[in-house]
Amino acid sequence: MICLLALIAVLGSSSSSANAIDSAPHRPASLIYTNYRRIKEQVAVDYLELRSVSSGGAKQKELGLCGKERENFVPCHNVTANLLSGFKQGEEFDRHCEVSKGREKCLIRPPKEYKIPLRWPAGRDVIWSGNVKITKDHFFRLEVRTVLDINCGFGSFGAHLLSLKIMAVCIAAYEATGSQVQLSLERGLPALIGNFISRQLPFPSLSYDMVHYGMFLTEVDRVLKPGGYFVLTSPTSRPQGSSREKKRTMLNPMEELTQQLCWTLLAQQDETFIWQKTADVDCYASRKQRSIQLCKDGDDVQSYYQPLVPCISGASSKRWIAIQNRSSESELSSAGLKIHGNCQELLVIAYTTNFSDHPKRPGDEDPLPPYNMIRNVMDMNANYGGLNAALLEDKKSVWVMNVVPARASNALSLILDRGFAGVQHDWCEPFPTYPRTYDMLHANGLLSHLISERCSMIDLFLEMDRILRPEGWVILSDTLGTIEMARTVATQVRWEARVIDLQNGSDQRLLVCQKPFVKK
């Protein structure tokens with residue numbers, strides 16, 4: 001009864017406010033609509049608060065801030081803890097989430113010198129030194145759409161390819177200082193943490209048109225598409241003698257291996273070598289020596305951080321299509337087109353309904369839409385890459401990391417075939433990136449999926465807060481009950497949150513949140 005009276009009082013005040021707006025001498029229709037919508041949304045928030053109190057639930061306490069030592073903390077990549085747990089011979093640099101379990105629940109804060117990154121494209125060339133923990137120390141145009149850049153340095157190669165409209169994803173091992181991945185992300189370029197000392201990369205076989213640099217060549221061959229290119233640059237190796245002697249010095253250790261993999265050396269200039277993977281699957285049967293065998297059926301199934309395999313993958317795959325022979329665009333099923341359409345609808349709602357009148361900073365009234373300040377976007381439950389496609393069609397200057405949950409329907413191959421960046425990940429574990437590396441996180445139906453997997457929602461929100469930049473955005477779409485739970489957790493991690501009714505007759509709601517810039 002108390003809840004009902006309180007709700008009537010709230011609605012009454014809303015009605016009087018609406019009447020006040022209607023009786024105003026002269027106000028634009030857009031302003032009237034904006035104010036009315038804000039009142040409606042406040043009513044919805046107040047109702048949810050009253051409902052929580054009436055059910056006996058106490059208000060959740062906000063989580064505290066982590067110490068300074070965790071400003072650049074990356075779970076699952078604690079080299080010291082990995083060594084103490086017995087990992088050695090390079091395995092201490094691999095991903096070991098089991099070592100990080102049971103850590104303190106707190107919010108990772110930015111360094112004292114942290115500043116909001118510059119807008120794209122200025123941020124590609126200039127970054128704030130306080131944001132990154134670092135010490136002071138032509139055939140592309142023809143067939144290549146996607147490139148995996150291993151150990152990418154400062155991301156210069158990826159930035160150049162981006163100017164050619166080629167998607168290059170940097171992947172490099174975890175580094176406590178001077179991180180290649182952190183630098184690339186700070187510049188607004190796709191990147192994630194990973195190496196293949198003992199485990200496969202989180203990509204399906206036959207994923208990339210080109211791989212730049214690499215060490216374990218059978219793993220490079222696994223992710224390389226038929227007819228794709230492998231580029232090896234070795235600037236630190238400068239053997240003495242003529243150019244022919246230099247070439248022979250470099251090729252001797254690799255010549256037999258590349259022949260076993262059916263790679264052909266196309267070109268060499270200085271310390272750069274370019275091989276092409278065979279487009280003919282019959283090449284493997286015609287090899288004179290077969291010291292590297294083809295993987296057995298079942299060994300080639302996409303897995304999640306499984307041990308490396310010393311065999312040739314993909315030869316029996318239905319996806320064995322040379323990059324020179326593929327169609328210009330990947331085909332989507334009717335279900336995929338439907339999801340793509342839903343993402344476009346949600347995108348329009350997110351930008352026009354939420355961002356157009358939601359202050360970016362306290363005190364700012366109606367700033368420019370935040371897509372001017374957004375560059376790094378993550379779709380945490382990407383399906384077929386619909387959000388990515390919608391952003392491209394809307395000509396937004398962003399890139400999207402399309403994440404396919406490990407135990408969901410795996411459409412990662414299709415996402416990569418469309419020329420998008422993507423990776424497989426288990427959201428019950430931390431994501432392989434550094435703190436403060438994404439401007440916006442989007443997830444459609446992910447929360448319901450995780451509840452069915454019995455994963456912790458508070459752990460997920462803490463991880464989202466870790467990888468989200470200050471003043472960054474979160475857009476969650478799910479059922480009403482799930483969104484109510486999520487809104488409660490959002491208050492614990494100190495996010496500004498608002499619930500949006502899509503008004504389409506469904507049980508689906510949007511939760512739009514913004515992470516505050518907590519300054520010391």
# chains A, B, ... in the order shown; residues from 1 in each chain; ligands from 1
call {"tool": "residues_around", "arguments": {"residues": "Val74 of chain A", "least_positions_apart": "2", "cutoff": "10 Å", "atoms": "only C-alpha atoms", "output": "list of chain:residue names"}}
result
A:Arg70, A:Glu71, A:Asn72, A:Cys76, A:His77, A:Asn78, A:Ser100, A:Tyr174, A:Glu175, A:Ala176, A:Ile193, A:Pro430, A:Phe431, A:Pro432, A:Thr433, A:Tyr434, A:Pro435, A:Glu463, A:Arg466, A:Ile467
call {"tool": "closest_residue", "arguments": {"among": "A:Ser198, A:Ser452, A:Ser477, A:Asn131", "to": "Tyr114 of chain A", "atoms": "only C-alpha atoms"}}
result
A:Asn131
call {"tool": "residues_around", "arguments": {"residues": "segment 204-209 of chain A", "least_positions_apart": "2", "cutoff": "7 Å", "atoms": "only C-alpha atoms", "output": "list in words"}}
result
Val144, Arg145, Thr146, Val147, Leu148, Pro202, Val211, Arg222, Val223, Leu224, Lys225, Gly228, Tyr229, Gln302, Ser313, Gly314, Ile323, Ser413 and Leu416 of chain A
call {"tool": "atom_distance", "arguments": {"atom1": "atom CA of Asp478 of chain A", "atom2": "atom CA of Leu446 of chain A"}}
result
7.6 Å
call {"tool": "closest_residue", "arguments": {"among": "A:Ala382, A:Ala486, A:Leu441, A:Leu447", "to": "Val474 of chain A", "atoms": "only C-alpha atoms"}}
result
A:Leu441
call {"tool": "closest_residue", "arguments": {"among": "A:Glu186, A:Glu104, A:Asp270, A:Glu91", "to": "Val132 of chain A", "atoms": "only C-alpha atoms"}}
result
A:Glu186
call {"tool": "closest_residue", "arguments": {"among": "A:Asn444, A:Thr482, A:Ser397, A:Gln514", "to": "Gly385 of chain A", "atoms": "only C-alpha atoms"}}
result
A:Asn444
call {"tool": "closest_residue", "arguments": {"among": "A:Arg469, A:Arg407, A:Arg290, A:Lys105", "to": "Val493 of chain A", "atoms": "only C-alpha atoms"}}
result
A:Lys105
call {"tool": "residues_around", "arguments": {"residues": "Arg498 of chain A", "least_positions_apart": "4", "cutoff": "7 Å", "atoms": "only C-alpha atoms", "output": "number ranges by chain"}}
result
A: 511-513
call {"tool": "closest_residue", "arguments": {"among": "A:Val403, A:Met440, A:Cys455, A:Leu257", "to": "Met373 of chain A", "atoms": "only C-alpha atoms"}}
result
A:Met440
